[in-house]
>>> print(open('input33.cif').read())   # mmCIF, C-alpha atoms
data_data
loop_
_atom_site.label_atom_id
_atom_site.label_comp_id
_atom_site.auth_asym_id
_atom_site.auth_seq_id
_atom_site.Cartn_x
_atom_site.Cartn_y
_atom_site.Cartn_z
CA MET A 1 0.00 0.00 0.00
CA THR A 2 1.37 3.42 -0.92
CA THR A 3 1.11 6.36 1.41
CA THR A 4 0.42 9.94 0.49
CA PRO A 5 3.57 12.03 1.02
CA THR A 6 3.38 14.82 3.56
CA LEU A 7 3.59 18.44 2.50
CA ASP A 8 7.21 18.51 3.73
CA GLU A 9 8.16 15.55 1.55
CA GLU A 10 6.30 16.79 -1.51
CA LEU A 11 8.00 20.18 -1.37
CA SER A 12 11.51 19.12 -0.46
CA LEU A 13 13.72 20.12 -3.38
CA SER A 14 17.50 20.06 -3.54
CA PRO A 15 19.50 23.30 -3.91
CA ALA A 16 20.15 22.36 -7.54
CA GLU A 17 16.44 21.86 -8.22
CA VAL A 18 15.46 25.17 -6.65
CA ALA A 19 18.44 27.16 -7.92
CA THR A 20 16.55 28.81 -10.76
CA ARG A 21 14.14 31.62 -9.95
CA ASP A 22 11.42 30.05 -12.13
CA ARG A 23 11.50 26.77 -10.20
CA PHE A 24 11.41 28.62 -6.89
CA GLU A 25 8.46 30.75 -8.00
CA GLN A 26 6.54 27.62 -9.03
CA LEU A 27 7.02 26.26 -5.54
CA VAL A 28 5.94 29.57 -3.95
CA ALA A 29 2.79 29.61 -6.08
CA ARG A 30 1.98 26.11 -4.89
CA LEU A 31 2.47 27.09 -1.26
CA SER A 32 0.19 30.11 -1.72
CA HIS A 33 -2.47 27.87 -3.26
CA GLN A 34 -2.24 25.52 -0.26
CA SER A 35 -2.80 28.51 2.03
CA VAL A 36 -6.08 29.18 0.21
CA VAL A 37 -7.42 25.62 0.16
CA LYS A 38 -6.21 24.45 3.58
CA HIS A 39 -6.09 26.99 6.37
CA TYR A 40 -7.60 27.48 9.81
CA ASP A 41 -9.34 30.29 11.66
CA ALA A 42 -8.41 30.61 15.33
CA TYR A 43 -12.04 30.96 16.40
CA ALA A 44 -14.20 29.48 13.64
CA ASP A 45 -12.29 26.18 13.63
CA ILE A 46 -11.82 25.61 17.37
CA PRO A 47 -14.91 25.03 19.57
CA TRP A 48 -13.58 27.02 22.51
CA ASP A 49 -16.82 26.92 24.46
CA ASP A 50 -17.51 23.22 23.99
CA PRO A 51 -17.48 21.70 27.51
CA ALA A 52 -15.19 18.92 26.24
CA TYR A 53 -12.61 21.60 25.38
CA ALA A 54 -12.68 23.30 28.78
CA ILE A 55 -9.39 23.50 30.68
CA ASP A 56 -9.37 21.83 34.10
CA PRO A 57 -5.95 22.21 35.77
CA ASP A 58 -6.52 18.89 37.58
CA ASP A 59 -7.00 17.00 34.31
CA PRO A 60 -4.30 14.27 34.22
CA ARG A 61 -3.98 14.74 30.45
CA TRP A 62 -1.91 17.87 31.17
CA GLU A 63 0.82 15.83 32.85
CA LEU A 64 4.19 16.02 31.15
CA SER A 65 5.44 13.09 29.13
CA ARG A 66 9.03 12.37 28.12
CA ALA A 67 8.11 13.46 24.57
CA ALA A 68 6.81 16.82 25.82
CA ASP A 69 9.58 17.64 28.31
CA PRO A 70 12.28 15.54 30.04
CA LEU A 71 11.26 17.15 33.34
CA GLY A 72 8.30 14.76 33.24
CA ALA A 73 10.63 11.75 33.44
CA THR A 74 12.42 12.87 36.62
CA GLY A 75 11.80 11.19 39.95
CA TRP A 76 11.03 14.58 41.50
CA TYR A 77 8.20 15.22 39.04
CA GLN A 78 6.79 11.70 39.37
CA SER A 79 6.77 12.05 43.17
CA GLN A 80 4.50 15.12 43.08
CA PRO A 81 0.75 14.78 43.79
CA PRO A 82 -1.39 14.33 40.64
CA GLY A 83 -2.80 17.86 40.83
CA VAL A 84 0.67 19.37 41.01
CA ARG A 85 1.90 17.27 38.08
CA SER A 86 -1.03 18.37 35.93
CA ARG A 87 -0.56 22.04 36.86
CA ILE A 88 3.16 21.92 36.04
CA GLY A 89 2.29 20.43 32.65
CA LEU A 90 -0.44 22.99 31.96
CA TYR A 91 1.91 25.82 32.96
CA ARG A 92 4.59 24.39 30.66
CA TYR A 93 2.20 24.27 27.69
CA ALA A 94 0.83 27.76 28.39
CA SER A 95 4.38 29.12 28.68
CA ALA A 96 5.40 27.44 25.40
CA MET A 97 2.41 29.02 23.66
CA LYS A 98 3.20 32.47 25.09
CA ILE A 99 6.81 32.21 23.93
CA GLY A 100 5.55 30.88 20.59
CA LEU A 101 3.16 33.76 19.98
CA GLU A 102 5.84 36.32 20.87
CA PHE A 103 8.31 34.61 18.53
CA GLU A 104 5.65 34.69 15.81
CA ASN A 105 5.05 38.38 16.54
CA ILE A 106 8.72 39.00 15.66
CA LEU A 107 8.37 36.72 12.63
CA LYS A 108 5.32 38.60 11.30
CA ARG A 109 7.03 41.98 11.61
CA GLY A 110 10.13 40.62 9.87
CA LEU A 111 8.02 39.13 7.08
CA LEU A 112 6.38 42.51 6.50
CA GLU A 113 9.84 44.11 6.32
CA PHE A 114 10.84 41.41 3.82
CA ALA A 115 7.71 41.99 1.72
CA PHE A 116 8.15 45.79 1.85
CA GLY A 117 11.19 45.57 -0.40
CA LEU A 118 9.76 43.19 -3.02
CA ARG A 119 9.05 44.31 -6.57
CA ASN A 120 5.56 44.36 -8.11
CA SER A 121 4.40 40.96 -9.38
CA ASP A 122 6.87 39.06 -7.19
CA PRO A 123 4.90 35.95 -6.05
CA THR A 124 6.76 35.86 -2.75
CA PHE A 125 4.81 38.99 -1.72
CA ARG A 126 1.56 37.05 -1.83
CA TYR A 127 3.07 34.09 0.00
CA ALA A 128 4.55 36.34 2.71
CA TYR A 129 1.13 37.86 3.38
CA HIS A 130 -0.48 34.42 3.52
CA GLU A 131 2.07 33.46 6.15
CA VAL A 132 1.49 36.66 8.15
CA ILE A 133 -2.26 35.91 8.18
CA GLU A 134 -1.71 32.32 9.29
CA GLU A 135 0.75 33.35 11.99
CA ALA A 136 -1.77 35.93 13.24
CA HIS A 137 -4.29 33.14 13.73
CA HIS A 138 -1.64 31.09 15.54
CA GLY A 139 -1.04 34.00 17.88
CA LEU A 140 -4.78 34.34 18.52
CA MET A 141 -5.24 30.69 19.39
CA PHE A 142 -2.09 30.59 21.52
CA GLN A 143 -3.15 33.67 23.52
CA GLU A 144 -6.68 32.31 23.95
CA PHE A 145 -5.21 29.11 25.36
CA VAL A 146 -3.00 31.10 27.75
CA ASN A 147 -5.97 33.17 28.93
CA ARG A 148 -8.05 30.07 29.61
CA ALA A 149 -5.19 28.18 31.30
CA GLY A 150 -5.27 30.71 34.15
CA PHE A 151 -1.51 31.24 34.54
CA ASP A 152 0.03 34.69 34.03
CA VAL A 153 3.03 33.34 32.10
CA PRO A 154 5.57 36.06 31.17
CA GLY A 155 6.85 34.79 27.79
CA ILE A 156 10.27 35.75 26.46
CA GLY A 157 12.81 37.61 28.59
CA ARG A 158 14.00 41.21 28.52
CA ARG A 159 17.12 40.34 26.50
CA GLU A 160 15.09 38.65 23.77
CA ARG A 161 12.71 41.62 23.64
CA LEU A 162 15.61 44.02 23.12
CA LEU A 163 17.04 41.83 20.36
CA SER A 164 13.69 41.52 18.59
CA GLN A 165 13.97 44.90 16.83
CA ARG A 166 17.29 43.90 15.28
CA ILE A 167 15.82 40.61 14.10
CA VAL A 168 12.84 42.37 12.51
CA ARG A 169 15.15 44.64 10.50
CA LEU A 170 16.96 41.60 9.12
CA GLY A 171 13.83 40.87 7.06
CA ARG A 172 14.94 43.60 4.66
CA ARG A 173 18.67 44.02 5.38
CA PHE A 174 19.77 40.38 5.52
CA PRO A 175 16.75 38.15 4.71
CA GLU A 176 18.86 34.99 4.58
CA LEU A 177 19.81 35.47 8.23
CA PHE A 178 16.21 36.35 9.08
CA PHE A 179 14.86 33.11 7.58
CA LEU A 180 17.54 31.16 9.41
CA PHE A 181 16.16 32.69 12.61
CA VAL A 182 12.67 31.64 11.47
CA ILE A 183 13.78 28.04 11.05
CA GLY A 184 15.61 28.16 14.39
CA GLY A 185 12.37 29.02 16.18
CA GLU A 186 9.97 26.88 14.18
CA ASP A 187 11.90 23.64 13.60
CA PRO A 188 12.38 22.63 17.28
CA ILE A 189 8.76 23.32 18.27
CA ASP A 190 7.49 21.61 15.12
CA HIS A 191 9.57 18.56 16.02
CA LEU A 192 8.26 18.54 19.61
CA GLN A 193 4.64 18.86 18.50
CA ARG A 194 4.96 16.07 15.95
CA GLU A 195 6.58 13.81 18.54
CA THR A 196 3.85 14.59 21.08
CA LEU A 197 1.10 13.85 18.53
CA ARG A 198 2.84 10.62 17.55
CA GLN A 199 3.62 9.30 21.03
CA ARG A 200 0.68 10.42 23.16
CA SER A 201 -2.42 8.25 22.79
CA GLU A 202 -4.62 10.53 24.89
CA LEU A 203 -4.33 14.29 24.60
CA HIS A 204 -6.66 17.04 25.75
CA PRO A 205 -8.82 17.80 22.65
CA LEU A 206 -8.12 21.55 22.78
CA PHE A 207 -4.37 21.01 22.99
CA GLU A 208 -4.44 18.41 20.21
CA THR A 209 -6.52 20.61 17.90
CA ILE A 210 -4.20 23.59 18.36
CA MET A 211 -1.13 21.45 17.65
CA ARG A 212 -2.64 19.87 14.53
CA HIS A 213 -3.62 23.26 13.12
CA HIS A 214 -0.17 24.61 13.87
CA VAL A 215 1.78 21.65 12.44
CA THR A 216 -0.24 21.71 9.20
CA GLU A 217 0.45 25.37 8.46
CA GLU A 218 4.02 25.41 9.77
CA ALA A 219 4.91 22.78 7.15
CA ARG A 220 4.35 25.49 4.52
CA HIS A 221 6.26 28.12 6.46
CA LEU A 222 9.26 25.86 6.99
CA SER A 223 9.18 24.74 3.36
CA PHE A 224 9.32 28.35 2.16
CA ALA A 225 12.16 29.30 4.52
CA ARG A 226 14.23 26.24 3.59
CA HIS A 227 13.81 26.69 -0.13
CA TYR A 228 14.43 30.43 0.01
CA LEU A 229 17.76 29.66 1.68
CA LYS A 230 18.54 26.92 -0.83
CA MET A 231 18.07 29.45 -3.62
CA ARG A 232 19.71 32.47 -2.02
CA VAL A 233 22.69 31.20 0.03
CA PRO A 234 24.77 30.07 -2.99
CA GLN A 235 24.34 33.58 -4.43
CA LEU A 236 25.77 35.35 -1.37
CA SER A 237 29.26 36.81 -1.25
CA PRO A 238 31.87 34.65 0.54
CA LEU A 239 31.88 37.06 3.50
CA ARG A 240 28.10 36.99 3.95
CA ARG A 241 28.05 33.22 3.54
CA PHE A 242 30.72 32.88 6.24
CA ARG A 243 28.77 35.19 8.57
CA LEU A 244 25.69 33.06 8.01
CA SER A 245 27.61 29.83 8.69
CA ILE A 246 28.71 31.12 12.12
CA ALA A 247 25.33 32.67 12.94
CA ALA A 248 23.50 29.41 12.20
CA PRO A 249 24.68 27.30 15.18
CA THR A 250 24.66 30.36 17.47
CA ILE A 251 21.01 31.14 16.70
CA LEU A 252 19.94 27.51 16.63
CA GLY A 253 21.56 26.74 19.97
CA GLU A 254 19.78 29.66 21.66
CA MET A 255 16.41 28.98 20.03
CA ALA A 256 16.50 25.26 20.82
CA LYS A 257 17.21 26.02 24.47
CA LEU A 258 14.35 28.55 24.58
CA MET A 259 11.87 26.15 22.97
CA MET A 260 12.93 22.82 24.51
CA GLN A 261 13.65 23.60 28.16
CA ALA A 262 11.27 24.59 30.93
CA PRO A 263 11.46 28.38 31.49
CA HIS A 264 12.93 29.90 34.64
CA ASP A 265 9.54 31.21 35.73
CA LEU A 266 8.13 27.64 35.83
CA ILE A 267 11.11 26.50 37.89
CA ARG A 268 10.51 29.35 40.35
CA GLU A 269 6.72 28.94 40.39
CA PHE A 270 6.87 25.25 41.36
CA GLY A 271 10.13 25.22 43.30
CA VAL A 272 11.94 22.79 41.02
CA PRO A 273 15.29 21.97 42.68
CA GLU A 274 18.44 22.90 40.77
CA ALA A 275 19.57 19.26 40.85
CA VAL A 276 16.37 18.27 39.05
CA VAL A 277 16.96 20.94 36.39
CA ARG A 278 20.43 19.49 35.79
CA GLU A 279 19.00 15.96 35.69
CA ALA A 280 16.34 16.96 33.16
CA TYR A 281 18.38 19.22 30.89
CA THR A 282 22.03 20.22 31.34
CA GLU A 283 23.35 16.79 32.38
CA ASN A 284 20.84 14.66 30.50
CA PRO A 285 22.28 12.86 27.44
CA GLU A 286 18.75 11.95 26.31
CA HIS A 287 17.76 15.63 26.24
CA ARG A 288 20.93 16.43 24.30
CA ARG A 289 20.02 13.73 21.79
CA GLN A 290 16.45 15.06 21.50
CA THR A 291 17.78 18.57 20.85
CA GLN A 292 20.16 17.30 18.18
CA ASP A 293 17.33 15.31 16.63
CA ALA A 294 15.07 18.39 16.57
CA LEU A 295 17.72 20.22 14.54
CA ARG A 296 18.42 17.40 12.07
CA LYS A 297 16.57 19.03 9.17
CA VAL A 298 18.30 22.38 9.55
CA ARG A 299 21.71 20.70 9.89
CA ARG A 300 21.00 18.94 6.61
CA LEU A 301 20.02 22.28 5.08
CA CYS A 302 23.29 23.85 6.22
CA ARG A 303 25.24 20.99 4.68
CA GLU A 304 23.33 21.26 1.39
CA THR A 305 23.91 25.01 1.14
CA GLY A 306 27.61 24.94 2.05
CA LEU A 307 27.22 26.51 5.51
CA ILE A 308 29.33 23.87 7.24
CA ASN A 309 33.04 24.67 7.35
CA PRO A 310 35.74 23.90 9.95
CA VAL A 311 35.00 27.04 11.96
CA SER A 312 31.20 26.73 11.90
CA ARG A 313 31.38 23.02 12.68
CA TRP A 314 33.42 23.85 15.79
CA VAL A 315 30.67 26.29 16.86
CA TRP A 316 28.02 23.59 16.31
CA GLN A 317 30.04 21.22 18.49
CA ARG A 318 30.62 23.84 21.20
CA ARG A 319 26.87 24.46 21.31
CA GLY A 320 26.27 20.74 21.77
CA ILE A 321 23.95 20.56 18.77
CA TRP A 322 26.21 18.85 16.20
CA ALA A 323 25.54 15.31 14.98
CA ASP A 324 26.90 13.40 12.00
CA ASP A 325 23.36 12.21 11.13
#
>>> encode(input="input33.cif", output="structure tokens")
Amino acid sequence: MTTTPTLDEELSLSPAEVATRDRFEQLVARLSHQSVVKHYDAYADIPWDDPAYAIDPDDPRWELSRAADPLGATGWYQSQPPGVRSRIGLYRYASAMKIGLEFENILKRGLLEFAFGLRNSDPTFRYAYHEVIEEAHHGLMFQEFVNRAGFDVPGIGRRERLLSQRIVRLGRRFPELFFLFVIGGEDPIDHLQRETLRQRSELHPLFETIMRHHVTEEARHLSFARHYLKMRVPQLSPLRRFRLSIAAPTILGEMAKLMMQAPHDLIREFGVPEAVVREAYTENPEHRRQTQDALRKVRRLCRETGLINPVSRWVWQRRGIWADD
């Protein structure tokens, strides 16, 4: 029996295949068409007020699994009362959505900067606006979830907020670096959501619906970013290409940590001991492997586009995110 390829597989072209502008524009037109025929509305397509979708902080379906966060596998977490375990999990998911919507706020502003400099009739303008619209709906559904979860989660830190303006400007000044940032934020969370959907047999219906909507549309966004880089990186000057090769593991290491580790506010809120944090993250070889696995696709992209050199590979290794795949 044959299986229907996923959107990622269907739209995965090599740098040679996407090198010509015509081939790239054909792919962009296809992505834009998919945004018309398969998209979601944050409110029309989620039954927020259905009693089955209500959020109960004592619901055991909020408990963390190994796929969702290695904190859930620690003895400390497993020793907590059921209500505490479910609240930690709900806080973790609400925090991830708050960070996600703030990341997508930066992404939307950068996409508009990118589109601002495009010529008339450039099909990437239409695609960029489709993505902005879809990301706006993601932000709406993430914030609605946060509001209903009942935790006042803070989102990204002060440092990230200060850096956000510089990242937004990259959309026009250095779009290749901007789309690398996009992949750095989207790839790890996409990997986590796919793993959660694959491994968890029983998920809260609201949480599952949000993830499925997000994964479906992010496949298009990641496909565009990857193929834009496949087309553009070989055309960069040697200096810009070198800058990009060093920026890649630096950005990816920071973004993976932000997306794949419990935030400091959760650790403070629930009094997670420092030894447990080390057990779950910094001294956990399984977490290191999961992080490397989450970045497999972008490592492959960097290899394909010539962004791996002796210096950049050393940075990947220093960040703990290198793997020979």
>>> residues_near_point(input="input33.cif", point="(9.5, 35.1, -6.8)", cutoff="9 Å", atoms="all atoms listed in the file", output="count of residues only")
13
>>> residues_around(input="input33.cif", residues="segment 279-282 of chain A", least_positions_apart="2", cutoff="9 Å", atoms="only C-alpha atoms", output="PyMOL selection string")
chain A and resi 69-74+261-262+274-277+284-288
>>> write_last_selection(input="input33.cif", atoms="C-alpha atoms", output="PDB file, keeping the file's coordinate frame")
ATOM      1  CA  ASP A  69       9.580  17.640  28.310  1.00  0.00           C
ATOM      2  CA  PRO A  70      12.280  15.540  30.040  1.00  0.00           C
ATOM      3  CA  LEU A  71      11.260  17.150  33.340  1.00  0.00           C
ATOM      4  CA  GLY A  72       8.300  14.760  33.240  1.00  0.00           C
ATOM      5  CA  ALA A  73      10.630  11.750  33.440  1.00  0.00           C
ATOM      6  CA  THR A  74      12.420  12.870  36.620  1.00  0.00           C
ATOM      7  CA  GLN A 261      13.650  23.600  28.160  1.00  0.00           C
ATOM      8  CA  ALA A 262      11.270  24.590  30.930  1.00  0.00           C
ATOM      9  CA  GLU A 274      18.440  22.900  40.770  1.00  0.00           C
ATOM     10  CA  ALA A 275      19.570  19.260  40.850  1.00  0.00           C
ATOM     11  CA  VAL A 276      16.370  18.270  39.050  1.00  0.00           C
ATOM     12  CA  VAL A 277      16.960  20.940  36.390  1.00  0.00           C
ATOM     13  CA  ASN A 284      20.840  14.660  30.500  1.00  0.00           C
ATOM     14  CA  PRO A 285      22.280  12.860  27.440  1.00  0.00           C
ATOM     15  CA  GLU A 286      18.750  11.950  26.310  1.00  0.00           C
ATOM     16  CA  HIS A 287      17.760  15.630  26.240  1.00  0.00           C
ATOM     17  CA  ARG A 288      20.930  16.430  24.300  1.00  0.00           C
TER      18      ARG A 288
END
>>> residues_near_point(input="input33.cif", point="(26.4, 23.0, 18.3)", cutoff="10 Å", atoms="all atoms listed in the file", output="list in words")
Ala248, Pro249, Thr250, Ile251, Leu252, Gly253, Glu254, Gln292, Leu295, Arg299, Ser312, Arg313, Trp314, Val315, Trp316, Gln317, Arg318, Arg319, Gly320, Ile321, Trp322 and Ala323 of chain A
>>> write_last_selection(input="input33.cif", atoms="C-alpha atoms", output="compact mmCIF listing (two decimals), in the coordinates of the input")
# COMPACT_ATOMS: atom_id res chain seq x y z
CA ALA A 248 23.50 29.41 12.20
CA PRO A 249 24.68 27.30 15.18
CA THR A 250 24.66 30.36 17.47
CA ILE A 251 21.01 31.14 16.70
CA LEU A 252 19.94 27.51 16.63
CA GLY A 253 21.56 26.74 19.97
CA GLU A 254 19.78 29.66 21.66
CA GLN A 292 20.16 17.30 18.18
CA LEU A 295 17.72 20.22 14.54
CA ARG A 299 21.71 20.70 9.89
CA SER A 312 31.20 26.73 11.90
CA ARG A 313 31.38 23.02 12.68
CA TRP A 314 33.42 23.85 15.79
CA VAL A 315 30.67 26.29 16.86
CA TRP A 316 28.02 23.59 16.31
CA GLN A 317 30.04 21.22 18.49
CA ARG A 318 30.62 23.84 21.20
CA ARG A 319 26.87 24.46 21.31
CA GLY A 320 26.27 20.74 21.77
CA ILE A 321 23.95 20.56 18.77
CA TRP A 322 26.21 18.85 16.20
CA ALA A 323 25.54 15.31 14.98
>>> resolve_selection(input="input33.cif", expression="the PyMOL selection byres ((chain A and resi 83) around 12)", output="list in words")
Asp56, Pro57, Asp58, Asp59, Pro60, Arg61, Trp62, Glu63, Tyr77, Gln78, Ser79, Gln80, Pro81, Pro82, Val84, Arg85, Ser86, Arg87, Ile88, Gly89 and Leu90 of chain A
>>> write_last_selection(input="input33.cif", atoms="C-alpha atoms", output="short mmCIF file (atom, residue, chain, number, x, y, z; two decimals), in the coordinates of the input")
data_model
loop_
_atom_site.label_atom_id
_atom_site.label_comp_id
_atom_site.auth_asym_id
_atom_site.auth_seq_id
_atom_site.Cartn_x
_atom_site.Cartn_y
_atom_site.Cartn_z
CA ASP A 56 -9.37 21.83 34.10
CA PRO A 57 -5.95 22.21 35.77
CA ASP A 58 -6.52 18.89 37.58
CA ASP A 59 -7.00 17.00 34.31
CA PRO A 60 -4.30 14.27 34.22
CA ARG A 61 -3.98 14.74 30.45
CA TRP A 62 -1.91 17.87 31.17
CA GLU A 63 0.82 15.83 32.85
CA TYR A 77 8.20 15.22 39.04
CA GLN A 78 6.79 11.70 39.37
CA SER A 79 6.77 12.05 43.17
CA GLN A 80 4.50 15.12 43.08
CA PRO A 81 0.75 14.78 43.79
CA PRO A 82 -1.39 14.33 40.64
CA VAL A 84 0.67 19.37 41.01
CA ARG A 85 1.90 17.27 38.08
CA SER A 86 -1.03 18.37 35.93
CA ARG A 87 -0.56 22.04 36.86
CA ILE A 88 3.16 21.92 36.04
CA GLY A 89 2.29 20.43 32.65
CA LEU A 90 -0.44 22.99 31.96
#
>>> atom_distance(input="input33.cif", atom1="atom CA of Arg166 of chain A", atom2="atom CA of Phe178 of chain A")
9.8 Å
>>> closest_atom_pairs(input="input33.cif", of="segment 59-127 of chain A", to="segment 144-162 of chain A", cutoff="10 Å", atoms="all atoms listed in the file", output="JSON lines")
{"residue": "A:Arg87", "atom": "CA", "partner": "A:Ala149", "partner_atom": "CA", "distance": 9.5}
{"residue": "A:Leu90", "atom": "CA", "partner": "A:Ala149", "partner_atom": "CA", "distance": 7.1}
{"residue": "A:Tyr91", "atom": "CA", "partner": "A:Phe151", "partner_atom": "CA", "distance": 6.6}
{"residue": "A:Arg92", "atom": "CA", "partner": "A:Val153", "partner_atom": "CA", "distance": 9.2}
{"residue": "A:Tyr93", "atom": "CA", "partner": "A:Val146", "partner_atom": "CA", "distance": 8.6}
{"residue": "A:Ala94", "atom": "CA", "partner": "A:Val146", "partner_atom": "CA", "distance": 5.1}
{"residue": "A:Ser95", "atom": "CA", "partner": "A:Val153", "partner_atom": "CA", "distance": 5.6}
{"residue": "A:Ala96", "atom": "CA", "partner": "A:Gly155", "partner_atom": "CA", "distance": 7.9}
{"residue": "A:Met97", "atom": "CA", "partner": "A:Val146", "partner_atom": "CA", "distance": 7.1}
{"residue": "A:Lys98", "atom": "CA", "partner": "A:Gly155", "partner_atom": "CA", "distance": 5.1}
{"residue": "A:Ile99", "atom": "CA", "partner": "A:Gly155", "partner_atom": "CA", "distance": 4.6}
{"residue": "A:Gly100", "atom": "CA", "partner": "A:Gly155", "partner_atom": "CA", "distance": 8.3}
{"residue": "A:Leu101", "atom": "CA", "partner": "A:Gly155", "partner_atom": "CA", "distance": 8.7}
{"residue": "A:Glu102", "atom": "CA", "partner": "A:Ile156", "partner_atom": "CA", "distance": 7.2}
{"residue": "A:Phe103", "atom": "CA", "partner": "A:Ile156", "partner_atom": "CA", "distance": 8.2}
{"residue": "A:Ile106", "atom": "CA", "partner": "A:Arg161", "partner_atom": "CA", "distance": 9.3}
>>> resolve_selection(input="input33.cif", expression="the PyMOL selection byres ((chain A and resi 300-306) around 12)", output="PyMOL selection string")
chain A and resi 12-19+176+180+183-184+187+222-223+225-236+238+241-242+244-249+252+292-299+307-310+312-313+316+322-325
>>> atom_distance(input="input33.cif", atom1="atom CA of Ile133 of chain A", atom2="atom CA of Glu113 of chain A")
14.7 Å
>>> closest_residue(input="input33.cif", among="A:Arg243, A:Lys38, A:His204, A:His33", to="Pro51 of chain A", atoms="only C-alpha atoms")
A:His204
>>> residues_around(input="input33.cif", residues="Leu197 of chain A", least_positions_apart="4", cutoff="12 Å", atoms="only C-alpha atoms", output="PyMOL selection string")
chain A and resi 65+67-68+190-193+201-205+207-215
>>> atom_distance(input="input33.cif", atom1="atom CA of His130 of chain A", atom2="atom CA of Leu27 of chain A")
14.3 Å
>>> closest_residue(input="input33.cif", among="A:Arg289, A:Asp45, A:Trp76, A:His221", to="Val132 of chain A", atoms="only C-alpha atoms")
A:His221
>>> closest_residue(input="input33.cif", among="A:Gly185, A:Thr216, A:Arg198, A:Arg240", to="Leu258 of chain A", atoms="all atoms listed in the file")
A:Gly185
>>> decode(input="input33.cif", residues="segment 33-45 of chain A", atoms="N, CA and C atoms", output="short mmCIF file (atom, residue, chain, number, x, y, z; two decimals), in the first residue's frame")
data_model
loop_
_atom_site.label_atom_id
_atom_site.label_comp_id
_atom_site.auth_asym_id
_atom_site.auth_seq_id
_atom_site.Cartn_x
_atom_site.Cartn_y
_atom_site.Cartn_z
N HIS A 33 -1.22 28.57 -2.97
CA HIS A 33 -2.47 27.87 -3.26
C HIS A 33 -2.89 27.01 -2.07
N GLN A 34 -1.93 26.33 -1.44
CA GLN A 34 -2.24 25.52 -0.26
C GLN A 34 -2.79 26.38 0.88
N SER A 35 -2.29 27.61 0.99
CA SER A 35 -2.80 28.51 2.03
C SER A 35 -4.25 28.90 1.79
N VAL A 36 -4.68 28.86 0.53
CA VAL A 36 -6.08 29.18 0.21
C VAL A 36 -6.98 27.99 0.48
N VAL A 37 -6.54 26.79 0.10
CA VAL A 37 -7.42 25.62 0.16
C VAL A 37 -7.36 24.90 1.50
N LYS A 38 -6.31 25.14 2.30
CA LYS A 38 -6.21 24.45 3.58
C LYS A 38 -5.63 25.38 4.63
N HIS A 39 -6.52 26.08 5.31
CA HIS A 39 -6.09 26.99 6.37
C HIS A 39 -7.11 26.97 7.49
N TYR A 40 -6.74 27.53 8.63
CA TYR A 40 -7.60 27.48 9.81
C TYR A 40 -7.82 28.88 10.39
N ASP A 41 -8.99 29.07 10.94
CA ASP A 41 -9.34 30.29 11.66
C ASP A 41 -9.27 29.99 13.16
N ALA A 42 -8.63 30.86 13.91
CA ALA A 42 -8.41 30.61 15.33
C ALA A 42 -9.71 30.43 16.12
N TYR A 43 -10.77 31.05 15.65
CA TYR A 43 -12.04 30.96 16.40
C TYR A 43 -13.09 30.13 15.68
N ALA A 44 -13.18 30.25 14.37
CA ALA A 44 -14.20 29.48 13.64
C ALA A 44 -13.92 27.98 13.66
N ASP A 45 -12.65 27.59 13.74
CA ASP A 45 -12.29 26.18 13.63
C ASP A 45 -11.90 25.52 14.94
#
